[in-house]
Amino acid sequence: MQTHDSPQLKAEARDFNFFYGQAQALKKINMPIYDKKVTALIGPSGCGKSTYLRSFNRMHDLYPGNRYEGEIRFYPDNTNLLSPEVDPIEVRMRVGMVFQKPNPFPKTIYENVAYGLRVRGENNKRVLDEKVENALRGAAIWEEVKDRLQDLAPNLSGGQQQRLCIARALATDPELLLFDEPTSALDPIATGAIEELVHELKKRVTILIVTHNMQQAARVSDYTAYMYLGEMVEFGKTDEIFIKPKDKRTEDYITGRMG
Amino acid sequence: MNHTMSAKSASDLHQVSDRLAHNALRNVNERLIELVLFAAAAVSVLTTVGIVYVLVSESIHFFQNVSIVDFLTDNQWTPLFDDAHYGIMVLISGTLVSSGVALAVAIPMGTIIAIYLSEFANPKVREVAKPVLELLGGIPTIVFGYFALLIVTPLLQKIFPELPGFSLLSAGLVMGIMIVPYIASLSEDAMRAVPMSMREGSYAMGATKLYTAIHVVVPAAVSGLAASYILGISRAVGETMILAVAAGMQPNLTWNPMEPAATITSYIVQVALGDLPHGSIGYQTIFAAGLTLLLITLVFNIIGQWLRRRYREAY
């Protein structure tokens, strides 16, 4: 039985460096990601937090000239996600992602959520129906869309679109869910709904979330990492980071003196 | 104190009137530019109106001599014979069959090329391939016509020995090759306009490049693709020289691409080159045929507009 104080590891970055061509964007990052917890990445624009997040599902592989060094270990099987022998598609099958701007596909609501299942070769209508419903319930949008599953997803409101994107990511039961500033394009009410959802989801899935909004990090996360200029300055329990940060740079940032 | 204030407001007044004068001059300039722009726009609109007017008014004379029912249902087109028949379906069939062959080549090939260029080709390949492809669109159609007649037809005759020297098949195939660059180039533009964030969404779900291209990029770009297909259809229906050279010019009511046939355009070329007396019924057939062609392209353009609105980009 795990106690709150010694949670299990879901992933761990070890001496992780990242390069855009010649430019080093991340410097020697060491950081644990705990299972079924929410970990927030905060820091000023350009500090590398999105770059770091996008390494977990190998998004950087899509563009030429990017290079990883070091490891991101993924548990329980202790796979190095960054290893060239590991197929990025396999990684993305296990690690879901929700983007900054809602990006539903130009398809129906149903087909958006079924997308990942179809990618995995699932075409059984009964299985799809069930998983789509579960995912939409999981993303707290089922009640709003259950009568119009065949409507086009881009016609939903921004907040609904983002919850749909969360449902899309949930449908395939990912082990780790990445959120890249998921509320920066949403109004406060939609933001509140997403934050509540994140809180709910951590029962099922490990969450790593990038946010610009420190109140948000404080509200939703169990652990927080402060990044600055590509370095991991400080990592700790969210309460500790916000109440008594150890590093002067962290303190300056969270008290609003910088960034 | 009072004195300085009034002096100040006087100078303000002066400046304001200055500015007004300046504005007035600028307004005149603006009006002038607007007028020039309007005139430029009006020229193209008036030209279109003029063309339609001529086509319709000449066609009215034609239809005073030939009933519309005969025009649409007669199965012979022999306007210059003593026993004259005016069945436009003969020419429409040639037009539709040759266009069908062309589009059966151009739409799949153009779309595949566009998918390759926008989703798979690395930027260096694309930078070379796209201009070269567009160059293909600049080749005069008469050259394509002789290419069809002298190279493609003999090649096809090796596969189909019974193929005649002129055929809709050969002309249609080459016409398709001619249209490929238009469809490929426009479709590629439409697909590249699909935001990267949408592709990333698909890749993040574990989809491959091909799956993403087919299931996300193509549906997202569908209105642009439809527009490129409509342009391709208009090019095919209106194409003249390739058909005049390689499809033979005898009117032939057929749906078989292996036969020679005249199309609306190749008939017009043939008759317009002859010395028909102005005002004769043979002369008026040109306008009736031209009007038919205009209506066909109009229908496709309306369908295209409708598709555009129905499937407008949602991003």
# chains A, B, ... in the order shown; residues from 1 in each chain; ligands from 1
call {"tool": "residues_around", "arguments": {"residues": "Pro88 (chain A)", "least_positions_apart": "4", "cutoff": "12 Å", "atoms": "only C-alpha atoms", "output": "list in words"}}
result
Arg54, Ser55, Phe56, Asn57, Arg58, Met59, His60, Asp61, Leu62, Asn80, Leu81, Leu82, Ser83, Pro84, Arg92, Met93, Arg94 and Val95 of chain A; Tyr203, Ala204, Met205, Gly206, Ala207 and Thr208 of chain B
call {"tool": "interface_residues", "arguments": {"of": "chain B", "to": "chain A", "cutoff": "10 Å", "atoms": "only C-alpha atoms", "output": "mmCIF file with C-alpha atoms, in the first residue's frame"}}
result
data_model
loop_
_atom_site.group_PDB
_atom_site.id
_atom_site.type_symbol
_atom_site.label_atom_id
_atom_site.label_comp_id
_atom_site.auth_asym_id
_atom_site.auth_seq_id
_atom_site.Cartn_x
_atom_site.Cartn_y
_atom_site.Cartn_z
ATOM 1 C CA ASN B 122 10.979 17.012 -47.787
ATOM 2 C CA PRO B 195 -2.881 24.069 -39.514
ATOM 3 C CA MET B 196 0.000 22.010 -38.154
ATOM 4 C CA SER B 197 -1.821 21.765 -34.821
ATOM 5 C CA MET B 198 -4.435 19.539 -36.441
ATOM 6 C CA ARG B 199 -1.780 17.163 -37.772
ATOM 7 C CA GLU B 200 -0.080 17.133 -34.386
ATOM 8 C CA GLY B 201 -3.396 16.162 -32.826
ATOM 9 C CA SER B 202 -3.528 13.167 -35.088
ATOM 10 C CA TYR B 203 0.116 12.156 -34.631
ATOM 11 C CA ALA B 204 -0.335 12.465 -30.881
ATOM 12 C CA MET B 205 -3.056 9.814 -31.136
ATOM 13 C CA GLY B 206 -0.482 7.435 -32.597
ATOM 14 C CA ALA B 207 -1.520 7.863 -36.229
ATOM 15 C CA THR B 208 0.968 7.419 -39.065
ATOM 16 C CA LYS B 209 1.655 10.045 -41.710
ATOM 17 C CA TYR B 211 -3.399 7.808 -41.842
ATOM 18 C CA THR B 212 -3.164 11.476 -40.843
ATOM 19 C CA HIS B 215 -8.238 10.970 -42.285
ATOM 20 C CA VAL B 216 -7.417 14.480 -41.120
ATOM 21 C CA VAL B 217 -5.643 16.598 -43.735
ATOM 22 C CA VAL B 218 -7.788 15.656 -46.738
ATOM 23 C CA PRO B 219 -11.119 16.132 -44.909
ATOM 24 C CA ALA B 220 -9.872 19.441 -43.502
ATOM 25 C CA ALA B 221 -8.883 20.650 -46.965
ATOM 26 C CA VAL B 222 -11.930 19.269 -48.740
ATOM 27 C CA TYR B 311 -17.649 22.217 -46.503
ATOM 28 C CA GLU B 313 -12.812 25.188 -43.616
ATOM 29 C CA ALA B 314 -13.813 24.935 -39.996
ATOM 30 C CA TYR B 315 -10.462 25.809 -38.530
#
call {"tool": "select_by_dssp", "arguments": {"residues": "region 37-231 of chain A", "states": "strand (DSSP E or B)", "output": "ChimeraX atom specification"}}
result
/A:38-42,66-74,79-80,95-98,108,152,176-180,206-210,223-228,231
call {"tool": "residues_around", "arguments": {"residues": "Leu170 (chain A)", "least_positions_apart": "5", "cutoff": "10 Å", "atoms": "only C-alpha atoms", "output": "number ranges by chain"}}
result
A: 95-98, 113, 116, 131-132, 134-136, 138-139, 164-165, 175-177, 201, 204-205
call {"tool": "write_last_selection", "arguments": {"atoms": "C-alpha atoms", "output": "PDB file, in the first residue's frame"}}
result
ATOM      1  CA  VAL A  95       1.032   8.852 -23.833  1.00  0.00           C
ATOM      2  CA  GLY A  96      -1.899  11.086 -24.744  1.00  0.00           C
ATOM      3  CA  MET A  97      -1.784  14.826 -25.334  1.00  0.00           C
ATOM      4  CA  VAL A  98      -4.111  17.810 -25.118  1.00  0.00           C
ATOM      5  CA  VAL A 113     -13.402  10.446 -29.948  1.00  0.00           C
ATOM      6  CA  GLY A 116      -7.515   6.877 -31.616  1.00  0.00           C
ATOM      7  CA  LYS A 131     -15.573   3.511 -25.327  1.00  0.00           C
ATOM      8  CA  VAL A 132     -16.734   6.758 -26.928  1.00  0.00           C
ATOM      9  CA  ASN A 134     -17.042   6.363 -21.457  1.00  0.00           C
ATOM     10  CA  ALA A 135     -14.478   8.833 -22.762  1.00  0.00           C
ATOM     11  CA  LEU A 136     -17.086  11.564 -23.179  1.00  0.00           C
ATOM     12  CA  GLY A 138     -14.773  10.935 -18.395  1.00  0.00           C
ATOM     13  CA  ALA A 139     -14.279  14.344 -19.971  1.00  0.00           C
ATOM     14  CA  LEU A 164     -13.786  16.845 -26.530  1.00  0.00           C
ATOM     15  CA  CYS A 165     -10.028  16.801 -27.158  1.00  0.00           C
ATOM     16  CA  GLU A 175      -0.993   5.895 -19.033  1.00  0.00           C
ATOM     17  CA  LEU A 176       0.268   9.459 -19.073  1.00  0.00           C
ATOM     18  CA  LEU A 177      -1.675  12.506 -20.249  1.00  0.00           C
ATOM     19  CA  LEU A 201      -8.821  12.459 -13.979  1.00  0.00           C
ATOM     20  CA  ARG A 204      -7.187   7.158 -13.518  1.00  0.00           C
ATOM     21  CA  VAL A 205      -4.146   8.632 -15.214  1.00  0.00           C
TER      22      VAL A 205
END
call {"tool": "closest_residue", "arguments": {"among": "B:Met178, B:Val90, B:Ile51, B:Ala226", "to": "Leu291 (chain B)", "atoms": "only C-alpha atoms"}}
result
B:Ile51
call {"tool": "residues_around", "arguments": {"residues": "region 128-137 of chain B", "least_positions_apart": "3", "cutoff": "9 Å", "atoms": "only C-alpha atoms", "output": "PyMOL selection string"}}
result
chain B and resi 117+123-125+140+177-182+184-185
call {"tool": "write_last_selection", "arguments": {"atoms": "C-alpha atoms", "output": "compact mmCIF listing (two decimals), in the first residue's frame"}}
result
# COMPACT_ATOMS: atom_id res chain seq x y z
CA LEU B 117 4.12 17.13 -51.85
CA PRO B 123 11.15 20.75 -48.40
CA LYS B 124 14.03 20.47 -50.89
CA VAL B 125 12.15 18.03 -53.09
CA PRO B 140 0.71 24.98 -75.11
CA ILE B 177 -2.03 14.87 -67.89
CA MET B 178 -2.41 18.50 -68.84
CA ILE B 179 -4.85 19.09 -65.96
CA VAL B 180 -2.81 17.25 -63.30
CA PRO B 181 -0.63 20.27 -62.45
CA TYR B 182 -3.64 22.51 -61.84
CA ALA B 184 -2.00 19.05 -57.78
CA SER B 185 -0.89 22.63 -57.23
call {"tool": "select_by_dssp", "arguments": {"residues": "region 85-240 of chain A", "states": "alpha helix (DSSP H)", "output": "number ranges by chain"}}
result
A: 88-94, 109-119, 125-138, 142-145, 158-170, 188-201, 214-220, 238-240
call {"tool": "residues_around", "arguments": {"residues": "Lys244 (chain A)", "least_positions_apart": "6", "cutoff": "12 Å", "atoms": "only C-alpha atoms", "output": "mmCIF file with C-alpha atoms, in the first residue's frame"}}
result
data_model
loop_
_atom_site.group_PDB
_atom_site.id
_atom_site.type_symbol
_atom_site.label_atom_id
_atom_site.label_comp_id
_atom_site.auth_asym_id
_atom_site.auth_seq_id
_atom_site.Cartn_x
_atom_site.Cartn_y
_atom_site.Cartn_z
ATOM 1 C CA GLU A 234 13.289 23.481 -8.535
ATOM 2 C CA GLY A 236 8.860 19.673 -5.183
ATOM 3 C CA LYS A 237 5.433 19.286 -3.702
ATOM 4 C CA THR A 238 3.222 22.092 -4.918
ATOM 5 C CA THR A 250 11.566 30.343 -8.036
ATOM 6 C CA GLU A 251 10.561 32.763 -5.344
ATOM 7 C CA ASP A 252 10.991 35.736 -7.665
ATOM 8 C CA ILE A 254 5.975 32.981 -8.090
ATOM 9 C CA THR A 255 5.839 36.277 -6.244
#
call {"tool": "residues_around", "arguments": {"residues": "region 69-84 of chain B", "least_positions_apart": "5", "cutoff": "12 Å", "atoms": "only C-alpha atoms", "output": "number ranges by chain"}}
result
B: 59, 62-64, 89-94, 249-254, 261-264, 267-268, 270-271, 274-277, 280-286, 288-289, 292
call {"tool": "write_last_selection", "arguments": {"atoms": "C-alpha atoms", "output": "PDB file, in the first residue's frame"}}
result
ATOM      1  CA  SER B  59     -28.860  31.663 -80.006  1.00  0.00           C
ATOM      2  CA  PHE B  62     -31.033  29.859 -83.877  1.00  0.00           C
ATOM      3  CA  PHE B  63     -33.864  28.632 -81.730  1.00  0.00           C
ATOM      4  CA  GLN B  64     -36.362  30.499 -83.934  1.00  0.00           C
ATOM      5  CA  MET B  89     -26.341  15.563 -77.345  1.00  0.00           C
ATOM      6  CA  VAL B  90     -23.968  14.284 -80.015  1.00  0.00           C
ATOM      7  CA  LEU B  91     -21.445  16.954 -79.098  1.00  0.00           C
ATOM      8  CA  ILE B  92     -22.217  16.811 -75.380  1.00  0.00           C
ATOM      9  CA  SER B  93     -21.497  13.085 -75.327  1.00  0.00           C
ATOM     10  CA  GLY B  94     -18.072  13.659 -76.870  1.00  0.00           C
ATOM     11  CA  MET B 249     -13.867  15.886 -85.509  1.00  0.00           C
ATOM     12  CA  GLN B 250     -16.729  13.789 -86.741  1.00  0.00           C
ATOM     13  CA  PRO B 251     -19.905  14.199 -84.702  1.00  0.00           C
ATOM     14  CA  ASN B 252     -20.597  10.846 -83.125  1.00  0.00           C
ATOM     15  CA  LEU B 253     -23.152  10.101 -80.434  1.00  0.00           C
ATOM     16  CA  THR B 254     -21.193   7.671 -78.318  1.00  0.00           C
ATOM     17  CA  ALA B 261     -15.931  12.006 -81.751  1.00  0.00           C
ATOM     18  CA  ALA B 262     -16.359  15.754 -81.954  1.00  0.00           C
ATOM     19  CA  THR B 263     -16.843  17.782 -78.800  1.00  0.00           C
ATOM     20  CA  ILE B 264     -18.593  21.115 -78.460  1.00  0.00           C
ATOM     21  CA  TYR B 267     -16.982  21.566 -83.449  1.00  0.00           C
ATOM     22  CA  ILE B 268     -16.812  25.297 -82.861  1.00  0.00           C
ATOM     23  CA  GLN B 270     -14.001  23.397 -87.107  1.00  0.00           C
ATOM     24  CA  VAL B 271     -16.961  25.516 -88.113  1.00  0.00           C
ATOM     25  CA  GLY B 274     -14.781  27.519 -92.436  1.00  0.00           C
ATOM     26  CA  ASP B 275     -16.364  30.279 -94.487  1.00  0.00           C
ATOM     27  CA  LEU B 276     -19.921  30.216 -93.252  1.00  0.00           C
ATOM     28  CA  PRO B 277     -22.024  33.163 -94.316  1.00  0.00           C
ATOM     29  CA  SER B 280     -26.801  31.578 -91.724  1.00  0.00           C
ATOM     30  CA  ILE B 281     -28.121  28.854 -89.506  1.00  0.00           C
ATOM     31  CA  GLY B 282     -24.763  27.059 -89.638  1.00  0.00           C
ATOM     32  CA  TYR B 283     -23.167  30.225 -88.302  1.00  0.00           C
ATOM     33  CA  GLN B 284     -25.730  30.421 -85.523  1.00  0.00           C
ATOM     34  CA  THR B 285     -25.005  26.865 -84.398  1.00  0.00           C
ATOM     35  CA  ILE B 286     -21.665  28.162 -83.130  1.00  0.00           C
ATOM     36  CA  ALA B 288     -25.966  27.726 -79.628  1.00  0.00           C
ATOM     37  CA  ALA B 289     -23.093  25.310 -78.999  1.00  0.00           C
ATOM     38  CA  THR B 292     -24.477  25.100 -74.140  1.00  0.00           C
TER      39      THR B 292
END
call {"tool": "atom_distance", "arguments": {"atom1": "CA of Ala167 (chain A)", "atom2": "CA of Arg137 (chain A)"}}
result
8.0 Å
call {"tool": "closest_residue", "arguments": {"among": "B:Gly145, B:Pro164, B:Pro154, B:Gly279", "to": "Ile60 (chain B)", "atoms": "only C-alpha atoms"}}
result
B:Gly279
call {"tool": "residues_around", "arguments": {"residues": "Phe300 (chain B)", "least_positions_apart": "5", "cutoff": "12 Å", "atoms": "only C-alpha atoms", "output": "list in words"}}
result
Ala226, Ala227, Ser228, Tyr229, Ile230, Leu231, Gly232, Ile233, Ser234, Arg235, Ala236, Val237, Gly238, Leu293, Leu294, Leu295, Gln305, Trp306 and Leu307 of chain B
call {"tool": "decode", "arguments": {"residues": "region 210-250 of chain B", "atoms": "N, CA and C atoms", "output": "PDB file, in the first residue's frame"}}
result
ATOM      1  N   LEU B 210       0.489   8.595 -43.250  1.00  0.00           N
ATOM      2  CA  LEU B 210      -0.511   8.304 -44.274  1.00  0.00           C
ATOM      3  C   LEU B 210      -1.917   8.379 -43.683  1.00  0.00           C
ATOM      4  N   TYR B 211      -2.081   7.787 -42.487  1.00  0.00           N
ATOM      5  CA  TYR B 211      -3.399   7.808 -41.842  1.00  0.00           C
ATOM      6  C   TYR B 211      -3.818   9.255 -41.578  1.00  0.00           C
ATOM      7  N   THR B 212      -2.876  10.064 -41.105  1.00  0.00           N
ATOM      8  CA  THR B 212      -3.164  11.476 -40.843  1.00  0.00           C
ATOM      9  C   THR B 212      -3.550  12.201 -42.128  1.00  0.00           C
ATOM     10  N   ALA B 213      -2.796  11.932 -43.194  1.00  0.00           N
ATOM     11  CA  ALA B 213      -3.077  12.603 -44.467  1.00  0.00           C
ATOM     12  C   ALA B 213      -4.483  12.274 -44.943  1.00  0.00           C
ATOM     13  N   ILE B 214      -4.855  10.998 -44.877  1.00  0.00           N
ATOM     14  CA  ILE B 214      -6.139  10.576 -45.428  1.00  0.00           C
ATOM     15  C   ILE B 214      -7.296  10.963 -44.512  1.00  0.00           C
ATOM     16  N   HIS B 215      -7.109  10.809 -43.190  1.00  0.00           N
ATOM     17  CA  HIS B 215      -8.238  10.970 -42.285  1.00  0.00           C
ATOM     18  C   HIS B 215      -8.368  12.356 -41.671  1.00  0.00           C
ATOM     19  N   VAL B 216      -7.320  13.145 -41.712  1.00  0.00           N
ATOM     20  CA  VAL B 216      -7.417  14.480 -41.120  1.00  0.00           C
ATOM     21  C   VAL B 216      -7.139  15.576 -42.147  1.00  0.00           C
ATOM     22  N   VAL B 217      -6.020  15.483 -42.862  1.00  0.00           N
ATOM     23  CA  VAL B 217      -5.643  16.598 -43.735  1.00  0.00           C
ATOM     24  C   VAL B 217      -6.600  16.709 -44.920  1.00  0.00           C
ATOM     25  N   VAL B 218      -6.898  15.589 -45.580  1.00  0.00           N
ATOM     26  CA  VAL B 218      -7.788  15.656 -46.738  1.00  0.00           C
ATOM     27  C   VAL B 218      -9.189  16.143 -46.343  1.00  0.00           C
ATOM     28  N   PRO B 219      -9.805  15.588 -45.295  1.00  0.00           N
ATOM     29  CA  PRO B 219     -11.119  16.132 -44.909  1.00  0.00           C
ATOM     30  C   PRO B 219     -11.064  17.616 -44.528  1.00  0.00           C
ATOM     31  N   ALA B 220      -9.968  18.033 -43.904  1.00  0.00           N
ATOM     32  CA  ALA B 220      -9.872  19.441 -43.502  1.00  0.00           C
ATOM     33  C   ALA B 220      -9.731  20.343 -44.717  1.00  0.00           C
ATOM     34  N   ALA B 221      -9.133  19.826 -45.783  1.00  0.00           N
ATOM     35  CA  ALA B 221      -8.883  20.650 -46.965  1.00  0.00           C
ATOM     36  C   ALA B 221      -9.932  20.427 -48.041  1.00  0.00           C
ATOM     37  N   VAL B 222     -11.038  19.767 -47.698  1.00  0.00           N
ATOM     38  CA  VAL B 222     -11.930  19.269 -48.740  1.00  0.00           C
ATOM     39  C   VAL B 222     -12.515  20.381 -49.606  1.00  0.00           C
ATOM     40  N   SER B 223     -12.751  21.558 -49.025  1.00  0.00           N
ATOM     41  CA  SER B 223     -13.336  22.601 -49.867  1.00  0.00           C
ATOM     42  C   SER B 223     -12.317  23.083 -50.896  1.00  0.00           C
ATOM     43  N   GLY B 224     -11.053  23.153 -50.499  1.00  0.00           N
ATOM     44  CA  GLY B 224     -10.006  23.523 -51.452  1.00  0.00           C
ATOM     45  C   GLY B 224      -9.833  22.456 -52.520  1.00  0.00           C
ATOM     46  N   LEU B 225      -9.924  21.198 -52.107  1.00  0.00           N
ATOM     47  CA  LEU B 225      -9.812  20.115 -53.078  1.00  0.00           C
ATOM     48  C   LEU B 225     -10.962  20.189 -54.079  1.00  0.00           C
ATOM     49  N   ALA B 226     -12.186  20.420 -53.548  1.00  0.00           N
ATOM     50  CA  ALA B 226     -13.350  20.512 -54.436  1.00  0.00           C
ATOM     51  C   ALA B 226     -13.147  21.650 -55.434  1.00  0.00           C
ATOM     52  N   ALA B 227     -12.627  22.771 -54.952  1.00  0.00           N
ATOM     53  CA  ALA B 227     -12.396  23.905 -55.850  1.00  0.00           C
ATOM     54  C   ALA B 227     -11.414  23.521 -56.948  1.00  0.00           C
ATOM     55  N   SER B 228     -10.371  22.763 -56.592  1.00  0.00           N
ATOM     56  CA  SER B 228      -9.388  22.388 -57.606  1.00  0.00           C
ATOM     57  C   SER B 228     -10.005  21.400 -58.604  1.00  0.00           C
ATOM     58  N   TYR B 229     -10.875  20.518 -58.117  1.00  0.00           N
ATOM     59  CA  TYR B 229     -11.524  19.579 -59.043  1.00  0.00           C
ATOM     60  C   TYR B 229     -12.441  20.323 -60.006  1.00  0.00           C
ATOM     61  N   ILE B 230     -13.159  21.303 -59.473  1.00  0.00           N
ATOM     62  CA  ILE B 230     -14.071  22.066 -60.325  1.00  0.00           C
ATOM     63  C   ILE B 230     -13.283  22.808 -61.402  1.00  0.00           C
ATOM     64  N   LEU B 231     -12.139  23.371 -61.004  1.00  0.00           N
ATOM     65  CA  LEU B 231     -11.299  24.031 -61.994  1.00  0.00           C
ATOM     66  C   LEU B 231     -10.862  23.020 -63.044  1.00  0.00           C
ATOM     67  N   GLY B 232     -10.487  21.828 -62.593  1.00  0.00           N
ATOM     68  CA  GLY B 232     -10.082  20.768 -63.519  1.00  0.00           C
ATOM     69  C   GLY B 232     -11.204  20.419 -64.483  1.00  0.00           C
ATOM     70  N   ILE B 233     -12.424  20.327 -63.969  1.00  0.00           N
ATOM     71  CA  ILE B 233     -13.563  19.998 -64.836  1.00  0.00           C
ATOM     72  C   ILE B 233     -13.765  21.100 -65.870  1.00  0.00           C
ATOM     73  N   SER B 234     -13.692  22.358 -65.396  1.00  0.00           N
ATOM     74  CA  SER B 234     -13.875  23.465 -66.333  1.00  0.00           C
ATOM     75  C   SER B 234     -12.819  23.441 -67.430  1.00  0.00           C
ATOM     76  N   ARG B 235     -11.573  23.142 -67.029  1.00  0.00           N
ATOM     77  CA  ARG B 235     -10.509  23.041 -68.036  1.00  0.00           C
ATOM     78  C   ARG B 235     -10.814  21.935 -69.027  1.00  0.00           C
ATOM     79  N   ALA B 236     -11.284  20.802 -68.525  1.00  0.00           N
ATOM     80  CA  ALA B 236     -11.526  19.649 -69.385  1.00  0.00           C
ATOM     81  C   ALA B 236     -12.665  19.937 -70.356  1.00  0.00           C
ATOM     82  N   VAL B 237     -13.753  20.502 -69.819  1.00  0.00           N
ATOM     83  CA  VAL B 237     -14.914  20.751 -70.667  1.00  0.00           C
ATOM     84  C   VAL B 237     -14.587  21.798 -71.727  1.00  0.00           C
ATOM     85  N   GLY B 238     -13.764  22.770 -71.366  1.00  0.00           N
ATOM     86  CA  GLY B 238     -13.461  23.850 -72.289  1.00  0.00           C
ATOM     87  C   GLY B 238     -12.259  23.590 -73.182  1.00  0.00           C
ATOM     88  N   GLU B 239     -11.523  22.501 -72.936  1.00  0.00           N
ATOM     89  CA  GLU B 239     -10.316  22.251 -73.714  1.00  0.00           C
ATOM     90  C   GLU B 239     -10.662  22.005 -75.180  1.00  0.00           C
ATOM     91  N   THR B 240      -9.839  22.595 -76.074  1.00  0.00           N
ATOM     92  CA  THR B 240     -10.178  22.568 -77.488  1.00  0.00           C
ATOM     93  C   THR B 240      -9.134  21.875 -78.346  1.00  0.00           C
ATOM     94  N   MET B 241      -7.893  22.353 -78.254  1.00  0.00           N
ATOM     95  CA  MET B 241      -6.896  21.947 -79.259  1.00  0.00           C
ATOM     96  C   MET B 241      -6.580  20.457 -79.198  1.00  0.00           C
ATOM     97  N   ILE B 242      -6.437  19.918 -77.982  1.00  0.00           N
ATOM     98  CA  ILE B 242      -6.073  18.506 -77.881  1.00  0.00           C
ATOM     99  C   ILE B 242      -7.136  17.663 -78.573  1.00  0.00           C
ATOM    100  N   LEU B 243      -8.390  18.031 -78.342  1.00  0.00           N
ATOM    101  CA  LEU B 243      -9.494  17.262 -78.919  1.00  0.00           C
ATOM    102  C   LEU B 243      -9.584  17.467 -80.416  1.00  0.00           C
ATOM    103  N   ALA B 244      -9.361  18.707 -80.851  1.00  0.00           N
ATOM    104  CA  ALA B 244      -9.430  18.976 -82.284  1.00  0.00           C
ATOM    105  C   ALA B 244      -8.363  18.174 -83.015  1.00  0.00           C
ATOM    106  N   VAL B 245      -7.187  18.030 -82.389  1.00  0.00           N
ATOM    107  CA  VAL B 245      -6.083  17.353 -83.061  1.00  0.00           C
ATOM    108  C   VAL B 245      -6.208  15.835 -82.942  1.00  0.00           C
ATOM    109  N   ALA B 246      -6.550  15.332 -81.737  1.00  0.00           N
ATOM    110  CA  ALA B 246      -6.378  13.906 -81.492  1.00  0.00           C
ATOM    111  C   ALA B 246      -7.673  13.112 -81.392  1.00  0.00           C
ATOM    112  N   ALA B 247      -8.819  13.796 -81.300  1.00  0.00           N
ATOM    113  CA  ALA B 247     -10.053  13.030 -81.093  1.00  0.00           C
ATOM    114  C   ALA B 247     -10.869  12.887 -82.367  1.00  0.00           C
ATOM    115  N   GLY B 248     -10.357  13.437 -83.469  1.00  0.00           N
ATOM    116  CA  GLY B 248     -11.161  13.407 -84.686  1.00  0.00           C
ATOM    117  C   GLY B 248     -12.258  14.419 -84.538  1.00  0.00           C
ATOM    118  N   MET B 249     -12.861  14.840 -85.662  1.00  0.00           N
ATOM    119  CA  MET B 249     -13.867  15.886 -85.509  1.00  0.00           C
ATOM    120  C   MET B 249     -15.214  15.459 -86.042  1.00  0.00           C
ATOM    121  N   GLN B 250     -15.402  14.123 -86.232  1.00  0.00           N
ATOM    122  CA  GLN B 250     -16.729  13.789 -86.741  1.00  0.00           C
ATOM    123  C   GLN B 250     -17.719  13.649 -85.595  1.00  0.00           C
TER     124      GLN B 250
END
